[in-house]
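Data block below; observations after.
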Amino acid sequence: MEVVQVLHMNGGNGKTSYAQNSLLQRKVISKSKAAIKEAMTNFYNKSSQNTIAIADFGCSSGPNTLFAVSEIIETVEKICKDLDRQSPEYHVFLNDLANNDFNTVFKYLLPDFQTKMKEYTKEQCFISGTPGSFHGRLFPTNTLHFAYSSSSLHWLSQVPRGLESNKRNIYINRTSPPNVFKAYCGQFQKDFSMFLECRSKEMISGGRMVLTFLGRRSTDPCSKECCYFWELLAMALNQLVSEGTIDEDKFNSFNIPFYTPSPYEVKCEVDKQGSFTIDKLEIYEHNWNECLNEFDSSEATKDVGYIFANFIRSGMEPLIINHFGFQEAVIDEVFNRYSSIVNDCMAKEKNEFVYFILSITKKYD
């Protein structure tokens with residue numbers, strides 16, 4: 001499977017779209033506001049720029065895309081006001097893989113965003129799309145001042161090789177042979193190192209990055225905090241294998257291009273690559289039920305498992321359809337089963353996602 005060709009969030013604005021199922025990601029962006037403010041303030045205290053080039057790596061589509069950019073620009077404008085400096089021009093680059101729904105962003109979201117920005121800055125804000133993998137070079141040398149990525153770096157550039165023995169699983173599991181974890185860990189090291197290497201060339205000295213992504217507190221790569229929601233999806237798929245709806249060989253060859261590192265693994269890769277210093281690495285949790293909008297009374301009556309299943313479906317559906325070739329009725333059944341399994345699980349126990357906020361600075365040459 002060529003991940004760069006099929007990995008993207010569900011586009012549009014339908015019930016299983018990313019736009020309708022990304023509340024948790026919005027909360028993650030909001031959680032990173034303090035880190036953004038601190039990073040930009042420190043950058044501005046040491047540099048006076050007439051133009052700021054900002055890249056959002058893995059921007060996806062839907063309201064979160066420009067929500068993140070808005071937070072960054074509003075932060076800069078407040079800093080300018082506090083320091084009595086003139087606002088800079090903004091060059092904003094929205095990056096994601098080529099199959100991302102850029103049309104929705106530019107056709108439906110950009111006009112309102114531009115109107116909103118006029119309330120914050122008198123200077124121009126130029127926005128463009130930059131399709132391509134952030135595991136490779138995307139920008140000229142020494143052009144970016146600030147880079148941001150939210151809920152993206154846990155996706156790998158490819159499914160690790162050598163997972164043939166990971167039968168009846170779709171990710172790392174306690175039943176997985178040791179070589180499976182080794183393969184996933186190795187792919188993460190390669191990908192994260194390449195991400196840092198590429199950004200080190202594209203960013204100016206003293207430039208800042210704030211990155212949020214899924215991780216784990218535990219040293220155990222099979223801990224529930226990073227594997228359980230995939231284990232439950234594997235259970236749903238296994239049920240359909242047992243009933244003959246899904247081919248067993250097809251199922252056994254399906255693995256997710258995803259990895260949740262430990263803090264130690266993240267620090268090791270930053271130190272090993274050598275171009276950045278770590279300013280802050282924060283760890284926090286989000287309960288699974290935070291996919292539910294607590295302010296929407298209509299959602300309060302919905303099946304929590306259904307909402308969680310759509311949250312996972314909005315990112316996984318393209319990968320699953322590409323691998324299995326499912327028709328709509330089958331993909332619906334997969335996530336109906338998943339919804340029921342998640343409901344049972346959430347009724348018995350509390351489960352959480354672990355997120356990292358990593359703030360780093362490009363070293364001076």
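Labels used: A, B, ... for chains in the order of the structure tokens, numbers from 1 for residues in each chain, and numbers from 1 for ligands as shown.
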Note to self: So that I can check the surroundings of A:Arg337, please list as a ChimeraX atom specification every protein, DNA and RNA residue that reaches within 12 Å of it, counting only C-alpha atoms and ignoring chain neighbours fewer than 5 positions away.
What the structure shows: /A:232-240,305-306,309-310,330-332,342-344
Take the residues from that selection and write them out as a PDB file, in the first residue's frame, keeping N, CA, C and O atoms.
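And here's selection30.pdb as it stands now:
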ATOM      1  N   LEU A 232      -9.794  -2.739  19.427  1.00  0.00           N
ATOM      2  CA  LEU A 232     -11.251  -2.865  19.316  1.00  0.00           C
ATOM      3  C   LEU A 232     -11.697  -2.863  17.854  1.00  0.00           C
ATOM      4  O   LEU A 232     -12.639  -3.573  17.487  1.00  0.00           O
ATOM      5  N   LEU A 233     -11.024  -2.076  17.020  1.00  0.00           N
ATOM      6  CA  LEU A 233     -11.355  -2.093  15.592  1.00  0.00           C
ATOM      7  C   LEU A 233     -10.986  -3.444  14.989  1.00  0.00           C
ATOM      8  O   LEU A 233     -11.723  -3.981  14.150  1.00  0.00           O
ATOM      9  N   ALA A 234      -9.879  -4.014  15.429  1.00  0.00           N
ATOM     10  CA  ALA A 234      -9.494  -5.349  14.957  1.00  0.00           C
ATOM     11  C   ALA A 234     -10.538  -6.385  15.359  1.00  0.00           C
ATOM     12  O   ALA A 234     -10.822  -7.329  14.606  1.00  0.00           O
ATOM     13  N   MET A 235     -11.138  -6.217  16.532  1.00  0.00           N
ATOM     14  CA  MET A 235     -12.202  -7.132  16.971  1.00  0.00           C
ATOM     15  C   MET A 235     -13.389  -7.074  16.016  1.00  0.00           C
ATOM     16  O   MET A 235     -13.974  -8.111  15.667  1.00  0.00           O
ATOM     17  N   ALA A 236     -13.760  -5.869  15.601  1.00  0.00           N
ATOM     18  CA  ALA A 236     -14.881  -5.720  14.664  1.00  0.00           C
ATOM     19  C   ALA A 236     -14.569  -6.402  13.328  1.00  0.00           C
ATOM     20  O   ALA A 236     -15.416  -7.105  12.757  1.00  0.00           O
ATOM     21  N   LEU A 237     -13.362  -6.208  12.833  1.00  0.00           N
ATOM     22  CA  LEU A 237     -12.959  -6.839  11.580  1.00  0.00           C
ATOM     23  C   LEU A 237     -12.900  -8.361  11.734  1.00  0.00           C
ATOM     24  O   LEU A 237     -13.313  -9.104  10.832  1.00  0.00           O
ATOM     25  N   ASN A 238     -12.401  -8.828  12.877  1.00  0.00           N
ATOM     26  CA  ASN A 238     -12.325 -10.272  13.137  1.00  0.00           C
ATOM     27  C   ASN A 238     -13.698 -10.928  13.125  1.00  0.00           C
ATOM     28  O   ASN A 238     -13.862 -12.059  12.656  1.00  0.00           O
ATOM     29  N   GLN A 239     -14.695 -10.217  13.651  1.00  0.00           N
ATOM     30  CA  GLN A 239     -16.054 -10.764  13.633  1.00  0.00           C
ATOM     31  C   GLN A 239     -16.512 -11.028  12.201  1.00  0.00           C
ATOM     32  O   GLN A 239     -17.115 -12.066  11.903  1.00  0.00           O
ATOM     33  N   LEU A 240     -16.211 -10.085  11.318  1.00  0.00           N
ATOM     34  CA  LEU A 240     -16.651 -10.229   9.924  1.00  0.00           C
ATOM     35  C   LEU A 240     -15.811 -11.258   9.181  1.00  0.00           C
ATOM     36  O   LEU A 240     -16.289 -11.873   8.219  1.00  0.00           O
ATOM     37  N   GLY A 305     -20.633   5.484  21.420  1.00  0.00           N
ATOM     38  CA  GLY A 305     -19.831   4.597  20.589  1.00  0.00           C
ATOM     39  C   GLY A 305     -19.936   4.949  19.116  1.00  0.00           C
ATOM     40  O   GLY A 305     -18.951   4.859  18.369  1.00  0.00           O
ATOM     41  N   TYR A 306     -21.135   5.357  18.687  1.00  0.00           N
ATOM     42  CA  TYR A 306     -21.350   5.769  17.299  1.00  0.00           C
ATOM     43  C   TYR A 306     -20.507   6.994  16.966  1.00  0.00           C
ATOM     44  O   TYR A 306     -19.875   7.063  15.903  1.00  0.00           O
ATOM     45  N   ALA A 309     -16.868   5.978  16.859  1.00  0.00           N
ATOM     46  CA  ALA A 309     -16.608   5.196  15.646  1.00  0.00           C
ATOM     47  C   ALA A 309     -16.497   6.104  14.423  1.00  0.00           C
ATOM     48  O   ALA A 309     -15.632   5.892  13.562  1.00  0.00           O
ATOM     49  N   ASN A 310     -17.357   7.123  14.322  1.00  0.00           N
ATOM     50  CA  ASN A 310     -17.260   8.060  13.208  1.00  0.00           C
ATOM     51  C   ASN A 310     -15.982   8.886  13.278  1.00  0.00           C
ATOM     52  O   ASN A 310     -15.397   9.253  12.244  1.00  0.00           O
ATOM     53  N   VAL A 330     -20.600  -2.681   3.446  1.00  0.00           N
ATOM     54  CA  VAL A 330     -19.647  -3.421   4.283  1.00  0.00           C
ATOM     55  C   VAL A 330     -18.906  -2.472   5.211  1.00  0.00           C
ATOM     56  O   VAL A 330     -18.727  -2.771   6.400  1.00  0.00           O
ATOM     57  N   ILE A 331     -18.480  -1.336   4.708  1.00  0.00           N
ATOM     58  CA  ILE A 331     -17.779  -0.380   5.575  1.00  0.00           C
ATOM     59  C   ILE A 331     -18.719   0.126   6.661  1.00  0.00           C
ATOM     60  O   ILE A 331     -18.315   0.342   7.806  1.00  0.00           O
ATOM     61  N   ASP A 332     -20.002   0.286   6.323  1.00  0.00           N
ATOM     62  CA  ASP A 332     -20.987   0.669   7.345  1.00  0.00           C
ATOM     63  C   ASP A 332     -21.075  -0.404   8.430  1.00  0.00           C
ATOM     64  O   ASP A 332     -21.133  -0.088   9.625  1.00  0.00           O
ATOM     65  N   VAL A 342     -17.143  -0.445  21.130  1.00  0.00           N
ATOM     66  CA  VAL A 342     -16.674   0.717  21.882  1.00  0.00           C
ATOM     67  C   VAL A 342     -17.665   1.089  22.974  1.00  0.00           C
ATOM     68  O   VAL A 342     -17.281   1.427  24.104  1.00  0.00           O
ATOM     69  N   ASN A 343     -18.961   1.035  22.658  1.00  0.00           N
ATOM     70  CA  ASN A 343     -19.990   1.327  23.663  1.00  0.00           C
ATOM     71  C   ASN A 343     -19.855   0.421  24.877  1.00  0.00           C
ATOM     72  O   ASN A 343     -19.910   0.876  26.025  1.00  0.00           O
ATOM     73  N   ASP A 344     -19.693  -0.862  24.638  1.00  0.00           N
ATOM     74  CA  ASP A 344     -19.541  -1.814  25.740  1.00  0.00           C
ATOM     75  C   ASP A 344     -18.293  -1.495  26.556  1.00  0.00           C
ATOM     76  O   ASP A 344     -18.316  -1.547  27.797  1.00  0.00           O
TER      77      ASP A 344
END
Notebook entry, point to check: Which neighbours of A:Pro178 fall inside 12 Å, counting only C-alpha atoms, when residues of the same chain fewer than 6 positions from it are skipped, and could you give them as a list in words?
Noted result: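 Close residues of A:Pro178: Gly162, Leu163, Ser165, Asn166, Ile172, Tyr184, Cys185, Pro221 and Cys222 of chain A.
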Check: Within 10 Å of stretch 278-289 of chain A, counting only C-alpha atoms, which residues qualify if same-chain residues fewer than 4 places away don't, as a ChimeraX atom specification?
Finding: /A:24,27-28,31-32,35,38-39,208-212,214-217,225,229,263,266-267,270-271,293-294,304-305,307-308,342,346,350-362
Kindly export the residues of the current selection with C-alpha atoms, as a PDB file, in the first residue's frame.
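The new file part21.pdb reads:
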ATOM      1  CA  LEU A  24     -11.072  16.252  19.674  1.00  0.00           C
ATOM      2  CA  LYS A  27      -9.409  20.670  21.555  1.00  0.00           C
ATOM      3  CA  VAL A  28      -5.832  19.559  20.944  1.00  0.00           C
ATOM      4  CA  LYS A  31      -4.455  23.055  24.222  1.00  0.00           C
ATOM      5  CA  SER A  32      -1.364  24.097  22.272  1.00  0.00           C
ATOM      6  CA  ALA A  35       3.001  26.742  23.658  1.00  0.00           C
ATOM      7  CA  GLU A  38       5.477  31.214  24.268  1.00  0.00           C
ATOM      8  CA  ALA A  39       7.343  30.093  21.135  1.00  0.00           C
ATOM      9  CA  ARG A 208      10.273  27.610  16.025  1.00  0.00           C
ATOM     10  CA  MET A 209       8.121  24.544  15.720  1.00  0.00           C
ATOM     11  CA  VAL A 210       5.154  23.485  17.848  1.00  0.00           C
ATOM     12  CA  LEU A 211       4.071  19.913  17.204  1.00  0.00           C
ATOM     13  CA  THR A 212       1.184  17.983  18.758  1.00  0.00           C
ATOM     14  CA  LEU A 214      -0.438  11.097  19.855  1.00  0.00           C
ATOM     15  CA  GLY A 215       2.024   9.329  22.105  1.00  0.00           C
ATOM     16  CA  ARG A 216       2.191   7.207  25.214  1.00  0.00           C
ATOM     17  CA  ARG A 217       3.415   7.761  28.759  1.00  0.00           C
ATOM     18  CA  GLU A 225      -3.301   4.204  26.100  1.00  0.00           C
ATOM     19  CA  PHE A 229      -8.784   1.662  20.169  1.00  0.00           C
ATOM     20  CA  PRO A 263       8.706  10.749  25.520  1.00  0.00           C
ATOM     21  CA  VAL A 266      10.884  11.583  20.911  1.00  0.00           C
ATOM     22  CA  LYS A 267      13.767  13.141  22.836  1.00  0.00           C
ATOM     23  CA  VAL A 270      15.502  15.167  18.368  1.00  0.00           C
ATOM     24  CA  ASP A 271      18.899  14.824  20.044  1.00  0.00           C
ATOM     25  CA  ASN A 293     -19.694  17.964  21.793  1.00  0.00           C
ATOM     26  CA  GLU A 294     -20.792  18.676  25.341  1.00  0.00           C
ATOM     27  CA  VAL A 304     -21.300   7.649  22.305  1.00  0.00           C
ATOM     28  CA  GLY A 305     -19.831   4.597  20.589  1.00  0.00           C
ATOM     29  CA  ILE A 307     -19.702   9.182  17.650  1.00  0.00           C
ATOM     30  CA  PHE A 308     -16.342   7.643  18.545  1.00  0.00           C
ATOM     31  CA  VAL A 342     -16.674   0.717  21.882  1.00  0.00           C
ATOM     32  CA  MET A 346     -16.792   2.733  27.573  1.00  0.00           C
ATOM     33  CA  LYS A 350     -12.427   4.985  31.279  1.00  0.00           C
ATOM     34  CA  ASN A 351      -9.983   5.206  28.396  1.00  0.00           C
ATOM     35  CA  GLU A 352      -7.816   8.102  27.299  1.00  0.00           C
ATOM     36  CA  PHE A 353      -5.687   9.301  24.424  1.00  0.00           C
ATOM     37  CA  VAL A 354      -2.246  10.622  25.342  1.00  0.00           C
ATOM     38  CA  TYR A 355      -1.097  13.703  23.442  1.00  0.00           C
ATOM     39  CA  PHE A 356       2.308  15.400  23.338  1.00  0.00           C
ATOM     40  CA  ILE A 357       2.971  19.087  22.781  1.00  0.00           C
ATOM     41  CA  LEU A 358       6.548  19.443  21.585  1.00  0.00           C
ATOM     42  CA  SER A 359       8.059  22.923  21.215  1.00  0.00           C
ATOM     43  CA  ILE A 360      11.500  23.092  19.597  1.00  0.00           C
ATOM     44  CA  THR A 361      13.883  25.738  18.245  1.00  0.00           C
ATOM     45  CA  LYS A 362      16.172  25.521  15.204  1.00  0.00           C
TER      46      LYS A 362
END
Next item on the list: Find the residue from A:Ser223, A:Ser48, A:Thr115, A:Thr260 that sits nearest to A:Asp84; use only C-alpha atoms when measuring.
Entry: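 Counting only C-alpha atoms, the residue closest to A:Asp84 is A:Ser48.
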Note to self: Show me, as a PyMOL selection string, the residues that have an atom within 8 Å of stretch 67-74 of chain A when counting only C-alpha atoms, minus same-chain residues fewer than 6 positions from it.
What the structure shows: chain A and resi 26+29+33+36-37+56+92+113+117+120
Margin query: Just want the 12 Å neighbourhood of A:Arg199, counted on only C-alpha atoms, with same-chain residues fewer than 4 positions away dropped. Output as a VMD selection string.
Written below: chain A and resid 55 to 57 134 to 149 192 to 195 203 to 205 207 to 209 270 273 to 276 360 to 363
Item checked: Residue neighbourhood A:Thr130, 7 Å, only C-alpha atoms, exclusion window fewer than 3 positions, as a count of residues only -> 4
Margin query: Which residues are close to A:Phe106, i.e. within 10 Å by only C-alpha atoms, leaving aside same-chain residues fewer than 5 positions away? Reply as a ChimeraX atom specification.
Written below: /A:61,101,111,113,127-129
